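Next comes data-v5.pdb, a file with PDB, C-alpha atoms.
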ATOM      1  CA  MET A   1      35.555 -16.643 -18.452
ATOM      2  CA  ILE A   2      32.531 -15.582 -16.425
ATOM      3  CA  ASP A   3      29.245 -15.410 -18.289
ATOM      4  CA  THR A   4      27.751 -11.907 -18.228
ATOM      5  CA  TRP A   5      24.237 -13.111 -17.423
ATOM      6  CA  LEU A   6      25.409 -15.284 -14.527
ATOM      7  CA  PHE A   7      27.394 -12.370 -13.116
ATOM      8  CA  THR A   8      24.308 -10.147 -13.450
ATOM      9  CA  ALA A   9      22.169 -12.729 -11.647
ATOM     10  CA  LEU A  10      24.747 -12.968  -8.860
ATOM     11  CA  ILE A  11      24.876  -9.202  -8.382
ATOM     12  CA  LEU A  12      21.069  -8.936  -8.365
ATOM     13  CA  GLY A  13      20.870 -11.760  -5.817
ATOM     14  CA  VAL A  14      23.358  -9.997  -3.544
ATOM     15  CA  LEU A  15      21.420  -6.736  -3.899
ATOM     16  CA  SER A  16      18.150  -8.468  -2.968
ATOM     17  CA  LEU A  17      19.817  -9.995   0.083
ATOM     18  CA  CYS A  18      21.049  -6.522   1.104
ATOM     19  CA  VAL A  19      17.518  -5.132   0.730
ATOM     20  CA  VAL A  20      16.085  -7.886   2.917
ATOM     21  CA  LEU A  21      18.763  -7.367   5.565
ATOM     22  CA  ARG A  22      18.139  -3.603   5.486
ATOM     23  CA  SER A  23      14.392  -4.090   5.951
ATOM     24  CA  ILE A  24      14.800  -5.989   9.221
ATOM     25  CA  PRO A  25      15.525  -2.911  11.396
ATOM     26  CA  ALA A  26      12.948  -0.774   9.536
ATOM     27  CA  ARG A  27      10.709   1.232  11.853
ATOM     28  CA  SER A  28       7.364   0.968  10.117
ATOM     29  CA  ARG A  29       5.537  -1.780   8.296
ATOM     30  CA  ASP A  30       5.233   0.439   5.235
ATOM     31  CA  ASP A  31       9.020   0.573   4.967
ATOM     32  CA  ARG A  32       9.133  -3.217   5.136
ATOM     33  CA  LEU A  33       6.494  -3.498   2.402
ATOM     34  CA  VAL A  34       8.490  -1.223   0.110
ATOM     35  CA  ALA A  35      11.647  -3.216   0.840
ATOM     36  CA  GLY A  36       9.767  -6.446   0.156
ATOM     37  CA  THR A  37       8.555  -5.110  -3.171
ATOM     38  CA  VAL A  38      12.085  -4.116  -4.159
ATOM     39  CA  ALA A  39      13.407  -7.528  -3.074
ATOM     40  CA  VAL A  40      10.777  -9.344  -5.162
ATOM     41  CA  ILE A  41      11.643  -7.225  -8.190
ATOM     42  CA  LEU A  42      15.375  -7.893  -7.763
ATOM     43  CA  VAL A  43      14.875 -11.643  -7.288
ATOM     44  CA  SER A  44      12.643 -11.751 -10.360
ATOM     45  CA  MET A  45      15.273  -9.933 -12.398
ATOM     46  CA  ALA A  46      17.969 -12.336 -11.144
ATOM     47  CA  VAL A  47      15.930 -15.387 -12.125
ATOM     48  CA  LEU A  48      15.202 -13.890 -15.528
ATOM     49  CA  ALA A  49      18.952 -13.354 -16.018
ATOM     50  CA  LEU A  50      19.487 -17.001 -15.063
ATOM     51  CA  THR A  51      16.833 -17.967 -17.607
ATOM     52  CA  ILE A  52      18.749 -16.155 -20.316
ATOM     53  CA  ALA A  53      22.025 -17.750 -19.198
ATOM     54  CA  SER A  54      20.694 -21.306 -18.971
ATOM     55  CA  GLY A  55      17.972 -21.288 -21.613
ATOM     56  CA  MET A  56      15.398 -22.939 -19.334
ATOM     57  CA  LEU A  57      12.136 -21.263 -20.311
ATOM     58  CA  ILE A  58      10.144 -22.832 -17.467
ATOM     59  CA  LEU A  59      11.822 -20.362 -15.108
ATOM     60  CA  ILE A  60       9.920 -17.503 -16.769
ATOM     61  CA  ASP A  61       6.620 -19.109 -15.788
ATOM     62  CA  LEU A  62       7.838 -19.623 -12.235
ATOM     63  CA  VAL A  63       8.968 -15.989 -11.986
ATOM     64  CA  ILE A  64       5.591 -14.732 -13.187
ATOM     65  CA  PHE A  65       3.760 -16.940 -10.666
ATOM     66  CA  PHE A  66       6.157 -15.927  -7.868
ATOM     67  CA  GLY A  67       5.735 -12.243  -8.663
ATOM     68  CA  ILE A  68       1.942 -12.396  -8.755
ATOM     69  CA  CYS A  69       1.801 -14.267  -5.439
ATOM     70  CA  CYS A  70       4.262 -11.938  -3.694
ATOM     71  CA  PHE A  71       2.613  -8.756  -4.896
ATOM     72  CA  GLY A  72      -0.793 -10.131  -3.891
ATOM     73  CA  VAL A  73       0.497 -10.845  -0.387
ATOM     74  CA  MET A  74       2.020  -7.368  -0.176
ATOM     75  CA  ILE A  75      -1.224  -5.719  -1.240
ATOM     76  CA  TRP A  76      -3.073  -7.817   1.340
ATOM     77  CA  MET A  77      -0.554  -6.851   4.047
ATOM     78  CA  GLY A  78      -0.889  -3.177   3.107
ATOM     79  CA  LYS A  79      -4.655  -3.301   3.552
ATOM     80  CA  LEU A  80      -4.486  -4.896   6.984
ATOM     81  CA  ARG A  81      -5.538  -2.877   9.961
ATOM     82  CA  GLY A  82      -2.807  -0.675  11.313
ATOM     83  CA  ALA A  83      -1.287   0.339   7.993
ATOM     84  CA  GLU A  84      -0.614   4.042   7.742
ATOM     85  CA  PRO A  85      -2.821   5.802   5.170
ATOM     86  CA  SER A  86      -0.972   7.464   2.331
TER      87      SER A  86
END
Could I get this structure in the form of C-alpha cells?
Amino acid sequence: MIDTWLFTALILGVLSLCVVLRSIPARSRDDRLVAGTVAVILVSMAVLALTIASGMLILIDLVIFFGICCFGVMIWMGKLRGAEPS
C-alpha cells in the first residue's frame, strides 16, 4: 500500500516541476520570479511531507535554510535594475 505522505510528496514534486517548466517561456522576469517563488514553496512542502513520512528531522532544518536562501535570491533578483515597478 502506498503511504499517503509519500504520495503527497510525489504529487507536490510533479507540480513544482510543472511550475518550473511553465516559467521557461514566461515573457517577463516578474513572471519568472513568481513562478520561482511558487516552485520553492512546493518543493519545501514536498520535503516536509517526506520528513513526516521518513521521520528524519534534519530535513526540516535543510528546508528552512533552502527557503531562506531562495527567497533572499528572489528578493535580490527583484531589486535588480530592469525589474518592473509594481
Extract, using only C-alpha atoms, all DNA, RNA and protein residues at most 12 Å from Ile52 of chain A, discarding same-chain residues fewer than 2 positions from it, and format them as an MDAnalysis selection string.
chainID A and resid 3:9 45:50 54:60
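The smallest atom-to-atom distance between Met74 of chain A and any of A:Val19, A:Asp31, A:Leu12, A:Ile2, using all atoms listed in the file, is found for A:Asp31.
The result of the PyMOL selection byres ((chain A and resi 22) around 12) on the shown file is Leu15, Ser16, Leu17, Cys18, Val19, Val20, Leu21, Ser23, Ile24, Pro25, Ala26, Arg27, Asp31, Arg32, Val34, Ala35, Gly36, Val38 and Ala39 of chain A.
Taking atom CA of Leu62 of chain A and atom CA of Gly78 of chain A as the two end points, the separation is 24.1 Å.
Atom CA of Ile75 of chain A is found 15.7 Å from atom CA of Ser28 of chain A.
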Edge lengths and centre in Å, axis-aligned, segment 17-30 of chain A plus 6 Å each side, as lines of an AutoDock Vina configuration file:
center_x = 13.1
center_y = -4.4
center_z = 6.0
size_x = 27.8
size_y = 23.2
size_z = 23.8
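Interatomic distance, atom CA of Ile64 of chain A against atom CA of Leu10 of chain A: 19.7 Å.
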Mind completing segment 50-68 of chain A with N, CA and C atoms? Output as a PDB file, in the coordinates of the input, please?
ATOM      1  N   LEU A  50      19.116 -15.579 -15.044  1.00  0.00           N
ATOM      2  CA  LEU A  50      19.487 -17.001 -15.063  1.00  0.00           C
ATOM      3  C   LEU A  50      18.786 -17.745 -16.195  1.00  0.00           C
ATOM      4  N   THR A  51      17.553 -17.350 -16.495  1.00  0.00           N
ATOM      5  CA  THR A  51      16.833 -17.967 -17.607  1.00  0.00           C
ATOM      6  C   THR A  51      17.555 -17.699 -18.919  1.00  0.00           C
ATOM      7  N   ILE A  52      18.017 -16.480 -19.096  1.00  0.00           N
ATOM      8  CA  ILE A  52      18.749 -16.155 -20.316  1.00  0.00           C
ATOM      9  C   ILE A  52      20.062 -16.929 -20.361  1.00  0.00           C
ATOM     10  N   ALA A  53      20.740 -17.062 -19.235  1.00  0.00           N
ATOM     11  CA  ALA A  53      22.025 -17.750 -19.198  1.00  0.00           C
ATOM     12  C   ALA A  53      21.876 -19.249 -19.449  1.00  0.00           C
ATOM     13  N   SER A  54      20.833 -19.853 -18.872  1.00  0.00           N
ATOM     14  CA  SER A  54      20.694 -21.306 -18.971  1.00  0.00           C
ATOM     15  C   SER A  54      19.786 -21.759 -20.104  1.00  0.00           C
ATOM     16  N   GLY A  55      18.886 -20.909 -20.537  1.00  0.00           N
ATOM     17  CA  GLY A  55      17.972 -21.288 -21.613  1.00  0.00           C
ATOM     18  C   GLY A  55      16.779 -22.111 -21.150  1.00  0.00           C
ATOM     19  N   MET A  56      16.542 -22.189 -19.857  1.00  0.00           N
ATOM     20  CA  MET A  56      15.398 -22.939 -19.334  1.00  0.00           C
ATOM     21  C   MET A  56      14.185 -22.013 -19.275  1.00  0.00           C
ATOM     22  N   LEU A  57      13.270 -22.178 -20.205  1.00  0.00           N
ATOM     23  CA  LEU A  57      12.136 -21.263 -20.311  1.00  0.00           C
ATOM     24  C   LEU A  57      11.088 -21.472 -19.232  1.00  0.00           C
ATOM     25  N   ILE A  58      11.119 -22.589 -18.529  1.00  0.00           N
ATOM     26  CA  ILE A  58      10.144 -22.832 -17.467  1.00  0.00           C
ATOM     27  C   ILE A  58      10.341 -21.836 -16.322  1.00  0.00           C
ATOM     28  N   LEU A  59      11.556 -21.317 -16.179  1.00  0.00           N
ATOM     29  CA  LEU A  59      11.822 -20.362 -15.108  1.00  0.00           C
ATOM     30  C   LEU A  59      11.024 -19.078 -15.287  1.00  0.00           C
ATOM     31  N   ILE A  60      10.720 -18.707 -16.531  1.00  0.00           N
ATOM     32  CA  ILE A  60       9.920 -17.503 -16.769  1.00  0.00           C
ATOM     33  C   ILE A  60       8.524 -17.678 -16.176  1.00  0.00           C
ATOM     34  N   ASP A  61       7.943 -18.850 -16.365  1.00  0.00           N
ATOM     35  CA  ASP A  61       6.620 -19.109 -15.788  1.00  0.00           C
ATOM     36  C   ASP A  61       6.659 -19.071 -14.269  1.00  0.00           C
ATOM     37  N   LEU A  62       7.714 -19.631 -13.692  1.00  0.00           N
ATOM     38  CA  LEU A  62       7.838 -19.623 -12.235  1.00  0.00           C
ATOM     39  C   LEU A  62       8.019 -18.203 -11.699  1.00  0.00           C
ATOM     40  N   VAL A  63       8.766 -17.373 -12.416  1.00  0.00           N
ATOM     41  CA  VAL A  63       8.968 -15.989 -11.986  1.00  0.00           C
ATOM     42  C   VAL A  63       7.657 -15.217 -12.031  1.00  0.00           C
ATOM     43  N   ILE A  64       6.884 -15.421 -13.083  1.00  0.00           N
ATOM     44  CA  ILE A  64       5.591 -14.732 -13.187  1.00  0.00           C
ATOM     45  C   ILE A  64       4.672 -15.155 -12.043  1.00  0.00           C
ATOM     46  N   PHE A  65       4.597 -16.442 -11.759  1.00  0.00           N
ATOM     47  CA  PHE A  65       3.760 -16.940 -10.666  1.00  0.00           C
ATOM     48  C   PHE A  65       4.250 -16.412  -9.318  1.00  0.00           C
ATOM     49  N   PHE A  66       5.565 -16.438  -9.105  1.00  0.00           N
ATOM     50  CA  PHE A  66       6.157 -15.927  -7.868  1.00  0.00           C
ATOM     51  C   PHE A  66       5.858 -14.442  -7.683  1.00  0.00           C
ATOM     52  N   GLY A  67       5.998 -13.679  -8.740  1.00  0.00           N
ATOM     53  CA  GLY A  67       5.735 -12.243  -8.663  1.00  0.00           C
ATOM     54  C   GLY A  67       4.288 -11.928  -8.349  1.00  0.00           C
ATOM     55  N   ILE A  68       3.368 -12.622  -9.003  1.00  0.00           N
ATOM     56  CA  ILE A  68       1.942 -12.396  -8.755  1.00  0.00           C
ATOM     57  C   ILE A  68       1.591 -12.744  -7.309  1.00  0.00           C
TER      58      ILE A  68
END
